[in-house]
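As stored in query_33.txt (compact mmCIF, C-alpha atoms):
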# COMPACT_ATOMS: atom_id res chain seq x y z
CA MET A 15 -28.16 72.31 -35.76
CA ASP A 16 -30.18 70.30 -38.24
CA VAL A 17 -33.80 71.18 -39.09
CA SER A 18 -35.28 68.58 -36.73
CA THR A 19 -33.22 69.82 -33.78
CA THR A 20 -34.09 73.44 -34.57
CA ILE A 21 -37.81 72.63 -34.56
CA LYS A 22 -37.56 70.75 -31.26
CA LYS A 23 -35.57 73.60 -29.70
CA PHE A 24 -38.16 76.13 -30.89
CA GLY A 25 -40.99 74.06 -29.44
CA LEU A 26 -39.26 73.77 -26.07
CA GLU A 27 -38.47 77.50 -25.99
CA GLN A 28 -42.12 78.32 -26.74
CA ALA A 29 -43.26 76.05 -23.93
CA PHE A 30 -41.02 77.96 -21.50
CA ARG A 31 -42.31 81.31 -22.80
CA TYR A 32 -45.94 80.40 -22.22
CA LEU A 33 -45.32 78.58 -18.95
CA HIS A 34 -46.79 81.35 -16.77
CA LYS A 35 -50.08 81.42 -18.69
CA ASP A 36 -50.99 77.85 -17.73
CA PRO A 37 -48.27 76.34 -15.52
CA GLU A 38 -49.89 72.96 -14.90
CA LYS A 39 -50.51 72.29 -18.57
CA ASN A 40 -47.23 73.71 -19.85
CA LEU A 41 -45.03 71.96 -17.30
CA VAL A 42 -46.08 68.68 -18.86
CA LYS A 43 -45.57 70.13 -22.36
CA ILE A 44 -42.03 71.13 -21.43
CA MET A 45 -41.16 67.60 -20.42
CA ASP A 46 -42.80 66.17 -23.54
CA TRP A 47 -40.68 68.46 -25.73
CA ALA A 48 -37.58 67.74 -23.64
CA ASP A 49 -38.12 64.00 -24.18
CA LYS A 50 -38.36 64.55 -27.94
CA PHE A 51 -35.28 66.75 -27.92
CA ALA A 52 -33.01 64.65 -25.70
CA GLY A 53 -33.76 61.17 -27.03
CA ASN A 54 -31.61 58.76 -25.01
CA ASP A 55 -29.72 61.48 -23.11
CA PHE A 56 -30.47 62.39 -19.47
CA VAL A 57 -33.17 59.73 -19.09
CA PRO A 58 -32.93 59.36 -15.27
CA GLN A 59 -32.72 63.12 -14.80
CA ARG A 60 -35.73 63.76 -17.02
CA ARG A 61 -37.70 61.10 -15.21
CA MET A 62 -36.88 62.72 -11.87
CA ILE A 63 -37.83 66.22 -13.10
CA ARG A 64 -41.13 64.98 -14.54
CA GLU A 65 -41.93 63.33 -11.22
CA ALA A 66 -41.17 66.57 -9.34
CA MET A 67 -43.38 68.55 -11.73
CA THR A 68 -46.40 66.26 -11.62
CA ASN A 69 -46.48 64.48 -8.24
CA PRO A 70 -47.90 66.67 -5.42
CA LYS A 71 -46.15 64.42 -2.88
CA HIS A 72 -42.70 65.04 -4.34
CA PRO A 73 -40.55 67.34 -2.13
CA TYR A 74 -39.86 69.68 -5.07
CA TYR A 75 -43.44 69.91 -6.36
CA GLY A 76 -44.04 73.10 -4.36
CA TYR A 77 -40.51 74.38 -4.99
CA ILE A 78 -41.08 74.38 -8.77
CA ARG A 79 -44.29 76.36 -8.35
CA HIS A 80 -42.49 78.73 -5.98
CA ILE A 81 -40.04 79.50 -8.81
CA LEU A 82 -42.87 80.08 -11.29
CA LYS A 83 -44.74 82.36 -8.90
CA ASP A 84 -41.92 84.38 -7.34
CA ILE A 85 -39.27 84.84 -10.06
CA ASP A 86 -39.67 87.47 -12.74
CA PRO A 87 -40.98 85.72 -15.91
CA HIS A 88 -38.21 87.08 -18.16
CA VAL A 89 -35.52 85.95 -15.71
CA MET A 90 -37.10 82.53 -15.26
CA GLN A 91 -37.55 81.94 -18.99
CA THR A 92 -34.05 83.16 -19.90
CA THR A 93 -32.41 81.08 -17.18
CA ALA A 94 -34.44 77.99 -18.03
CA VAL A 95 -33.77 78.18 -21.78
CA ASN A 96 -30.05 78.89 -21.34
CA PHE A 97 -29.53 76.28 -18.63
CA PHE A 98 -31.74 73.38 -19.68
CA ILE A 99 -31.67 73.80 -23.46
CA ASN A 100 -28.34 75.47 -24.27
CA ALA A 101 -26.11 74.16 -21.45
CA GLY A 102 -27.87 70.81 -21.29
CA LEU A 103 -29.70 69.52 -24.33
CA ILE A 104 -27.51 71.35 -26.90
CA GLY A 105 -24.23 71.80 -25.06
CA TRP A 106 -23.81 68.31 -23.62
CA PRO A 107 -23.91 66.39 -26.94
CA LYS A 108 -21.46 68.90 -28.42
CA GLN A 109 -19.13 68.40 -25.45
CA GLU A 110 -19.35 64.62 -25.90
CA GLU A 111 -18.51 64.98 -29.57
CA CYS A 112 -15.47 67.13 -28.73
CA ARG A 113 -14.31 64.68 -26.05
CA LYS A 114 -14.18 61.92 -28.63
CA LYS A 115 -12.69 64.13 -31.33
CA TYR A 116 -9.88 65.63 -29.24
CA GLY A 117 -9.25 62.81 -26.75
CA CYS A 118 -9.34 65.04 -23.68
CA ASN A 119 -11.72 66.36 -21.06
CA ILE A 120 -14.24 68.96 -22.23
CA PRO A 121 -15.98 70.89 -19.43
CA TRP A 122 -19.64 71.57 -18.79
CA ALA A 123 -18.76 74.83 -17.00
CA ILE A 124 -15.82 77.22 -16.85
CA LEU A 125 -14.87 79.15 -13.69
CA LEU A 126 -13.01 82.40 -14.14
CA ASP A 127 -11.78 85.25 -11.92
CA PRO A 128 -12.51 88.65 -13.50
CA THR A 129 -10.27 90.24 -10.85
CA SER A 130 -8.17 89.44 -7.81
CA ALA A 131 -9.34 92.68 -6.19
CA CYS A 132 -11.88 92.75 -3.39
CA ASN A 133 -13.63 95.42 -1.35
CA LEU A 134 -13.43 93.35 1.86
CA HIS A 135 -10.59 92.01 3.99
CA CYS A 136 -11.88 88.59 5.05
CA THR A 137 -9.84 86.54 7.50
CA GLY A 138 -7.98 83.77 5.70
CA CYS A 139 -8.56 85.16 2.19
CA TRP A 140 -5.61 86.25 0.04
CA ALA A 141 -7.56 88.90 -1.89
CA ALA A 142 -6.32 92.19 -0.51
CA GLU A 143 -7.18 95.82 -1.05
CA TYR A 144 -9.57 97.08 -3.70
CA GLY A 145 -7.83 98.06 -6.92
CA ASN A 146 -4.25 97.76 -8.24
CA LYS A 147 -4.61 93.98 -8.68
CA LEU A 148 -4.67 91.45 -11.47
CA ASN A 149 -7.55 91.43 -13.92
CA LEU A 150 -8.78 89.57 -16.97
CA SER A 151 -9.68 92.20 -19.56
CA TYR A 152 -13.16 92.35 -21.04
CA ASP A 153 -11.79 91.08 -24.35
CA GLU A 154 -10.07 88.15 -22.63
CA MET A 155 -13.25 87.12 -20.84
CA ASP A 156 -15.23 87.53 -24.04
CA ASP A 157 -12.73 85.30 -25.87
CA ILE A 158 -12.85 82.65 -23.11
CA ILE A 159 -16.63 82.48 -23.51
CA ARG A 160 -16.37 82.43 -27.31
CA GLN A 161 -13.92 79.53 -27.19
CA GLY A 162 -16.05 77.77 -24.60
CA LYS A 163 -19.18 77.94 -26.72
CA GLU A 164 -17.30 76.39 -29.63
CA LEU A 165 -16.81 73.37 -27.34
CA GLY A 166 -20.44 73.39 -26.17
CA VAL A 167 -19.98 75.30 -22.88
CA TYR A 168 -22.84 77.65 -21.98
CA LEU A 169 -22.37 77.89 -18.19
CA TYR A 170 -19.80 80.30 -16.68
CA LEU A 171 -19.09 80.88 -12.99
CA TYR A 172 -17.32 83.96 -11.68
CA THR A 173 -15.05 83.70 -8.64
CA GLY A 174 -12.43 86.07 -7.29
CA GLY A 175 -11.53 88.38 -5.60
CA GLU A 176 -14.90 90.01 -5.67
CA PRO A 177 -16.29 89.68 -9.22
CA LEU A 178 -18.72 92.58 -8.83
CA VAL A 179 -15.78 94.98 -8.73
CA ARG A 180 -16.16 94.42 -12.50
CA LYS A 181 -19.96 94.58 -12.58
CA THR A 182 -20.19 96.74 -15.72
CA ASP A 183 -18.08 94.33 -17.78
CA LEU A 184 -20.04 91.36 -16.42
CA ILE A 185 -23.34 92.85 -17.55
CA TRP A 186 -21.85 93.55 -21.01
CA LEU A 187 -20.85 89.89 -21.23
CA CYS A 188 -24.39 88.85 -20.26
CA GLU A 189 -25.70 90.99 -23.11
CA LYS A 190 -23.24 89.76 -25.71
CA HIS A 191 -23.60 86.10 -24.72
CA SER A 192 -27.33 86.11 -24.06
CA ASP A 193 -27.46 82.35 -24.72
CA CYS A 194 -25.33 81.58 -21.63
CA VAL A 195 -25.93 81.38 -17.89
CA PHE A 196 -23.58 83.33 -15.60
CA LEU A 197 -23.38 82.46 -11.90
CA CYS A 198 -21.34 84.73 -9.64
CA PHE A 199 -19.90 83.92 -6.22
CA THR A 200 -20.09 87.26 -4.42
CA ASN A 201 -20.00 88.88 -0.99
CA ALA A 202 -23.11 90.85 -2.16
CA THR A 203 -22.02 94.16 -0.66
CA LEU A 204 -21.81 95.77 -4.11
CA ILE A 205 -25.33 94.75 -5.14
CA ASP A 206 -27.49 97.87 -5.36
CA GLU A 207 -30.73 98.99 -7.00
CA ALA A 208 -29.08 99.95 -10.30
CA PHE A 209 -27.33 96.60 -10.59
CA THR A 210 -30.48 94.58 -9.82
CA ASP A 211 -32.26 96.52 -12.57
CA GLU A 212 -29.49 95.46 -14.95
CA MET A 213 -29.88 91.86 -13.76
CA LEU A 214 -33.59 92.05 -14.54
CA ARG A 215 -32.85 93.42 -17.99
CA VAL A 216 -30.36 90.75 -19.08
CA GLY A 217 -32.02 87.87 -17.23
CA ASN A 218 -29.02 85.52 -17.23
CA PHE A 219 -26.95 86.59 -14.19
CA ILE A 220 -27.32 84.66 -10.91
CA PRO A 221 -25.54 85.62 -7.67
CA ALA A 222 -24.43 83.00 -5.15
CA ILE A 223 -23.96 85.00 -1.97
CA SER A 224 -21.30 84.00 0.55
CA LEU A 225 -22.42 83.63 4.15
CA GLU A 226 -20.47 82.20 7.08
CA GLY A 227 -23.66 81.58 9.07
CA PHE A 228 -25.50 84.15 11.18
CA GLU A 229 -24.36 87.68 12.03
CA GLU A 230 -21.62 86.85 14.55
CA ALA A 231 -19.92 84.28 12.31
CA THR A 232 -20.22 86.37 9.13
CA ASP A 233 -19.02 89.64 10.64
CA GLY A 234 -16.30 87.80 12.56
CA ARG A 235 -14.68 86.74 9.30
CA ARG A 236 -15.82 89.43 6.88
CA GLY A 237 -15.96 92.57 9.02
CA ASP A 238 -18.44 94.48 11.18
CA GLY A 239 -21.71 95.27 9.44
CA VAL A 240 -21.20 92.92 6.49
CA TYR A 241 -24.03 90.59 7.54
CA HIS A 242 -26.58 93.42 7.50
CA LYS A 243 -25.31 94.58 4.09
CA VAL A 244 -25.81 91.04 2.78
CA ILE A 245 -29.32 90.85 4.23
CA LYS A 246 -30.15 94.21 2.62
CA ALA A 247 -28.89 92.93 -0.76
CA MET A 248 -30.97 89.76 -0.44
CA GLU A 249 -34.07 91.77 0.41
CA LEU A 250 -33.48 93.83 -2.73
CA LEU A 251 -33.00 90.73 -4.89
CA ARG A 252 -36.18 89.23 -3.47
CA ARG A 253 -38.18 92.42 -4.07
CA LYS A 254 -36.96 92.49 -7.67
CA ARG A 255 -38.01 88.82 -8.07
CA LEU A 256 -34.52 87.71 -9.05
CA PHE A 257 -32.96 84.25 -8.88
CA TYR A 258 -30.20 83.93 -6.27
CA GLY A 259 -28.73 81.55 -3.75
CA ILE A 260 -26.15 81.07 -0.98
CA SER A 261 -22.57 79.82 -0.94
CA ALA A 262 -21.60 78.43 2.47
CA CYS A 263 -18.26 76.99 3.56
CA TYR A 264 -18.49 74.56 6.48
CA THR A 265 -15.53 74.23 8.82
CA SER A 266 -14.79 72.57 12.14
CA ALA A 267 -15.61 75.91 13.79
CA ASN A 268 -18.92 76.86 12.14
CA PHE A 269 -20.24 73.40 11.23
CA SER A 270 -22.97 73.23 13.89
CA SER A 271 -24.63 76.52 12.96
CA ILE A 272 -24.09 76.70 9.20
CA THR A 273 -25.53 73.23 8.56
CA SER A 274 -28.32 73.62 11.13
CA GLU A 275 -31.99 73.53 10.25
CA GLU A 276 -32.34 76.97 11.84
CA PHE A 277 -29.82 78.45 9.40
CA LEU A 278 -31.37 76.69 6.41
CA ASP A 279 -34.84 77.94 7.37
CA SER A 280 -33.46 81.49 7.69
CA VAL A 281 -32.00 81.22 4.16
CA ILE A 282 -35.39 80.07 2.86
CA ASP A 283 -37.11 82.95 4.66
CA MET A 284 -34.68 85.36 2.98
CA GLY A 285 -35.86 84.13 -0.41
CA ALA A 286 -32.88 82.09 -1.62
CA TYR A 287 -33.50 79.34 -4.18
CA PHE A 288 -30.39 77.24 -3.61
CA ILE A 289 -27.51 76.75 -1.19
CA TRP A 290 -24.13 75.35 -2.17
CA TYR A 291 -22.12 73.92 0.72
CA PHE A 292 -18.33 73.81 0.33
CA HIS A 293 -15.98 71.77 2.48
CA TYR A 294 -13.14 73.91 3.88
CA MET A 295 -9.95 73.30 1.86
CA PRO A 296 -6.51 74.01 3.44
CA VAL A 297 -5.22 75.84 0.36
CA GLY A 298 -2.37 78.34 0.76
CA ASN A 299 0.70 78.62 2.94
CA ASP A 300 -1.31 80.34 5.68
CA ALA A 301 -4.29 77.96 5.61
CA GLN A 302 -5.45 76.44 8.88
CA PRO A 303 -5.78 72.62 8.69
CA GLY A 304 -7.57 72.69 12.04
CA LEU A 305 -10.57 74.21 10.26
CA MET A 306 -11.13 71.06 8.22
CA PRO A 307 -14.26 69.28 9.51
CA THR A 308 -13.75 66.15 11.58
CA PRO A 309 -15.04 62.82 10.22
CA VAL A 310 -18.00 63.06 12.61
CA GLN A 311 -18.85 66.56 11.39
CA ARG A 312 -18.51 65.65 7.72
CA GLU A 313 -20.71 62.60 8.13
CA GLU A 314 -23.32 64.66 9.95
CA THR A 315 -23.25 67.17 7.09
CA TYR A 316 -23.75 64.28 4.67
CA TRP A 317 -26.95 63.20 6.47
CA ARG A 318 -28.27 66.69 7.18
CA ILE A 319 -28.12 67.90 3.58
CA ARG A 320 -29.81 64.76 2.28
CA LYS A 321 -32.55 65.25 4.84
CA TYR A 322 -33.01 68.89 3.85
CA ARG A 323 -33.26 67.97 0.18
CA ALA A 324 -36.12 65.62 0.97
CA GLU A 325 -38.04 68.13 3.07
CA LYS A 326 -37.17 71.77 2.32
CA PRO A 327 -38.20 74.08 -0.58
CA LEU A 328 -34.57 74.83 -1.32
CA PHE A 329 -32.09 73.02 -3.56
CA ALA A 330 -29.04 72.11 -1.44
CA MET A 331 -25.73 70.92 -2.89
CA ASP A 332 -22.74 69.51 -1.03
CA PHE A 333 -19.63 70.04 -3.15
CA GLN A 334 -17.63 67.26 -1.51
CA ASN A 335 -20.20 64.67 -0.43
CA ASP A 336 -22.29 64.76 -3.61
CA ALA A 337 -19.53 63.35 -5.83
CA GLU A 338 -21.52 60.14 -6.22
CA TYR A 339 -24.01 61.98 -8.44
CA VAL A 340 -21.31 63.12 -10.88
CA GLY A 341 -18.95 60.15 -10.86
CA GLY A 342 -16.22 61.58 -8.64
CA CYS A 343 -13.89 64.52 -9.18
CA ILE A 344 -15.23 66.93 -11.81
CA ALA A 345 -12.08 69.09 -12.07
CA GLY A 346 -9.33 69.08 -14.68
CA GLY A 347 -11.89 69.93 -17.34
CA ARG A 348 -13.94 66.76 -16.77
CA ARG A 349 -16.86 69.00 -15.91
CA TYR A 350 -15.06 72.26 -15.11
CA PHE A 351 -11.71 74.04 -14.74
CA HIS A 352 -10.61 77.40 -13.37
CA ILE A 353 -8.92 80.47 -14.88
CA ASN A 354 -7.47 82.93 -12.38
CA ALA A 355 -7.12 86.70 -12.81
CA ASN A 356 -3.58 86.22 -14.12
CA GLY A 357 -4.88 84.00 -16.93
CA ASP A 358 -3.45 80.81 -15.42
CA ILE A 359 -5.56 77.73 -16.16
CA ASP A 360 -5.89 75.61 -13.00
CA PRO A 361 -7.48 72.15 -12.97
CA CYS A 362 -9.57 73.15 -9.95
CA VAL A 363 -10.50 76.30 -8.07
CA PHE A 364 -8.82 74.67 -5.04
CA VAL A 365 -5.78 73.24 -6.87
CA HIS A 366 -3.50 76.08 -7.92
CA TYR A 367 -1.01 74.29 -10.17
CA SER A 368 -0.82 74.93 -13.88
CA ASP A 369 1.21 74.52 -17.05
CA SER A 370 -0.95 76.81 -19.20
CA ASN A 371 -2.06 80.43 -19.46
CA ILE A 372 -4.96 81.77 -21.49
CA ARG A 373 -2.64 84.45 -22.94
CA GLU A 374 -0.36 81.78 -24.40
CA LYS A 375 -2.66 78.84 -25.22
CA SER A 376 -6.18 78.26 -26.42
CA ILE A 377 -8.62 76.54 -24.08
CA LEU A 378 -8.42 73.37 -26.15
CA GLU A 379 -4.61 73.39 -26.01
CA ALA A 380 -4.78 73.83 -22.24
CA LEU A 381 -7.20 70.90 -21.92
CA GLN A 382 -4.63 68.78 -23.78
CA SER A 383 -1.74 69.94 -21.59
CA PRO A 384 0.11 67.49 -19.28
CA ILE A 385 -1.59 68.47 -15.99
CA MET A 386 -5.09 68.37 -17.50
CA MET A 387 -4.39 65.06 -19.24
CA ALA A 388 -3.12 63.68 -15.92
CA TYR A 389 -6.56 64.43 -14.51
CA HIS A 390 -8.22 62.92 -17.59
CA ASP A 391 -6.17 59.72 -17.38
CA ASN A 392 -6.56 59.20 -13.62
CA GLN A 393 -10.24 60.04 -13.00
CA PRO A 394 -11.96 58.82 -10.94
CA PHE A 395 -9.27 59.11 -8.29
CA ASN A 396 -11.06 56.63 -6.06
CA GLU A 397 -13.78 54.07 -6.64
CA ASN A 398 -15.36 55.29 -3.41
CA MET A 399 -17.26 58.42 -4.44
CA LEU A 400 -17.00 59.75 -0.88
CA LYS A 401 -13.25 60.05 -1.45
CA PRO A 402 -13.27 61.88 -4.81
CA CYS A 403 -10.58 64.56 -4.52
CA PRO A 404 -6.93 64.06 -5.53
CA MET A 405 -5.95 66.59 -2.87
CA LEU A 406 -8.23 66.12 0.12
CA GLU A 407 -8.79 62.35 0.22
CA ASN A 408 -6.06 61.08 -2.14
CA PRO A 409 -3.15 63.52 -1.62
CA GLN A 410 -0.56 61.07 -2.92
CA LYS A 411 -2.21 61.31 -6.34
CA LEU A 412 -2.00 65.10 -6.56
CA ARG A 413 1.65 64.94 -5.46
CA ARG A 414 2.41 62.57 -8.32
CA MET A 415 0.45 64.45 -11.00
CA VAL A 416 2.03 67.81 -10.22
CA SER A 417 5.50 66.30 -9.98
CA GLU A 418 5.23 64.35 -13.22
CA THR A 419 3.85 67.26 -15.24
CA ASP A 420 6.11 70.00 -13.85
CA ALA A 421 3.06 72.17 -13.16
CA HIS A 422 3.89 75.30 -11.15
CA SER A 423 2.07 77.05 -8.32
CA THR A 424 -0.23 79.82 -9.49
CA ASP A 425 -0.87 81.30 -6.05
CA LEU A 426 -0.73 85.02 -6.74
CA GLN A 427 0.89 86.09 -3.46
CA SER A 428 2.63 83.15 -1.78
CA PRO A 429 3.43 80.16 -4.04
CA GLU A 430 2.83 76.87 -2.24
CA THR A 431 4.61 73.63 -3.02
CA VAL A 432 2.45 70.60 -3.69
CA GLU A 433 4.21 68.79 -0.83
CA HIS A 434 3.27 71.57 1.59
CA LEU A 435 -0.37 71.45 0.44
CA CYS A 436 -0.75 67.68 0.45
CA ALA A 437 1.02 67.25 3.80
CA LYS A 438 -1.91 69.15 5.34
CA CYS A 439 -4.29 66.55 3.91
CA ASP A 440 -2.49 63.30 4.77
CA GLN A 441 -3.86 62.94 8.30
CA TYR A 442 -7.32 64.11 7.22
CA ALA A 443 -7.44 61.46 4.47
CA GLN A 444 -6.45 58.71 6.91
CA GLU A 445 -9.03 59.79 9.49
CA TRP A 446 -11.87 60.15 6.94
CA LYS A 447 -11.19 56.80 5.24
CA PRO A 448 -12.96 54.47 7.76
CA THR A 449 -16.10 56.62 7.77
CA ALA A 450 -16.12 57.01 3.98
CA ASP A 451 -15.60 53.28 3.46
CA ARG A 452 -18.43 52.41 5.84
CA LEU A 453 -20.87 54.86 4.26
CA TRP A 454 -19.99 53.76 0.73
CA LYS A 455 -20.27 50.09 1.60
CA GLU A 456 -23.75 50.70 3.03
CA LYS A 457 -24.76 52.65 -0.09
CA VAL A 458 -23.60 50.11 -2.71
CA ARG A 459 -24.82 47.10 -0.77
Please lay out the structure from this file as structure tokens.
Amino acid sequence: MDVSTTIKKFGLEQAFRYLHKDPEKNLVKIMDWADKFAGNDFVPQRRMIREAMTNPKHPYYGYIRHILKDIDPHVMQTTAVNFFINAGLIGWPKQEECRKKYGCNIPWAILLDPTSACNLHCTGCWAAEYGNKLNLSYDEMDDIIRQGKELGVYLYLYTGGEPLVRKTDLIWLCEKHSDCVFLCFTNATLIDEAFTDEMLRVGNFIPAISLEGFEEATDGRRGDGVYHKVIKAMELLRRKRLFYGISACYTSANFSSITSEEFLDSVIDMGAYFIWYFHYMPVGNDAQPGLMPTPVQREETYWRIRKYRAEKPLFAMDFQNDAEYVGGCIAGGRRYFHINANGDIDPCVFVHYSDSNIREKSILEALQSPIMMAYHDNQPFNENMLKPCPMLENPQKLRRMVSETDAHSTDLQSPETVEHLCAKCDQYAQEWKPTADRLWKEKVR
């Protein structure tokens, strides 16, 4: 960084550090420094954040103050500096520079599976018994992060398996890469007092806890007593004043409850700060296409989550229906890609086809590989941002990309052909199209 950038970064970091001493005054200072730092980048986003910070009528005015009041100051400051400054104001320009230099997608975030092992036996999940499974070594994960930072990536998301099977290594990585943010999708049953104390110490580890809904739905899929273990973990996280949220998959079976206002209010009462809704994907030979939401259910989810965002003190994201805010599909390295526990580099956490492995290629080489370049050259896959995915809404495009690049299935237990996967999406795509076209036409009118 040049001297001017270093000074601006220091000023912004100091504003975050002193935020708790005078929140009202320093919130404005933060945005003033951010404006100096970012220049012409992120103008609409910065305008929106400033409005939320300063306008008492804004739906997130109280939410911001909730974060300042109820999250441990060290955790809040570390997360804010690493996310907004490092991953955003510093990382993004570096990513843009690398995109131009190397002529390929450069991600904003990297997803990786520390292990394929899990301590649960959830219905429909391929992760089997604890132990004796595939793992990325500590050194491999460390090297992935090192390579990522060279490209400007400071945000890393752990999936699995159950990542907290490797909790000691994950904390070591938080320590070594203290300038990064680590978000972990977890069943939460391995979160205990000792681990929350480690989370407090490092300040840059955020769990996203999987819930299927209320007790009956969660235990029905994850096993008897799991719901109460999750609630106990959330109570512990709340008592420790840690930052955490919920990961929720909506299906045709649980749609009504998991997207209900009652469920969202219960999540808020449990102290969560965000909820990330995922559309059920029919991935795997044993997947159940009947669990994909109907067009009516998906549209209702679209409206419900937008309503909640305008009214509730909780940040809600809809992985499928929010594509309009990020310009369509973000996979293939455009904004993220996925590395499984075998080291295979997939374009998407839901698209298990690859021509690269981290043990044979660098991250940059993988981003320049045929399957990743097919994503790069074909994005967006649809001008209608409510039909963003090359699998779910445009299955003919995934068929072609996999076929033309000779990418192979990376499913660790039962390899699935791209034809088998996409055939499960053909009817869904046809049925969703009229609704998506109507909604998009109304939006762009």
Calculate how many Å separate atom CA of Ala421 of chain A from atom CA of Ile377 of chain A, rounding to one decimal. 16.6 Å
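Between atom CA of Asn354 of chain A and atom CA of Pro107 of chain A the separation is 27.5 Å.
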To one decimal place in Å, what is the distance between atom CA of Ile289 of chain A and atom CA of Gly357 of chain A? 28.5 Å
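Considering all atoms listed in the file, the residue among A:Trp446, A:Tyr241, A:Phe269, A:Phe30 positioned nearest to Leu400 of chain A is A:Trp446.
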Please provide the set of residues having any atom within 10 Å of His72 of chain A, restricted to all atoms listed in the file, with same-chain residues fewer than 4 positions apart removed, written as a ChimeraX atom specification. /A:62,65-68,76-77,324-325
Would you give the centre and edge lengths, in Å to one decimal, of a box along x, y and z around the listed atoms of segment 408-425 of chain A, with 3 Å added to each side, as JSON?
{"center_x": 0.0, "center_y": 71.2, "center_z": -8.4, "size_x": 18.2, "size_y": 26.2, "size_z": 19.6}
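All residues of protein, DNA or RNA that reach within 7 Å of segment 270-285 of chain A, judged by all atoms listed in the file and not counting those fewer than 4 positions away in the chain, are Glu226, Gly227, Met248, Glu249, Arg252, Tyr264, Thr315 and Leu328 of chain A.
Using only C-alpha atoms, the smallest distance between any of A:Pro87, A:Gly105, A:Gly53, A:Pro394 and Leu256 of chain A comes from A:Pro87.
Comparing A:Leu187, A:Ile223, A:Ile245, A:Val416 by their smallest distance to Thr200 of chain A, the closest is A:Ile223 (using all atoms listed in the file).
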Near segment 300-310 of chain A, within 10 Å and counting all atoms listed in the file, which residues show up once chain neighbours fewer than 3 positions away are dropped, as a ChimeraX atom specification? /A:138-140,264-269,293-297,313-316,406,428,430,435,437-439,441-443,445-450
For Glu189 of chain A, the nearest of the candidates A:Leu381, A:Cys112, A:Val216, A:Leu82, counting only C-alpha atoms: A:Val216
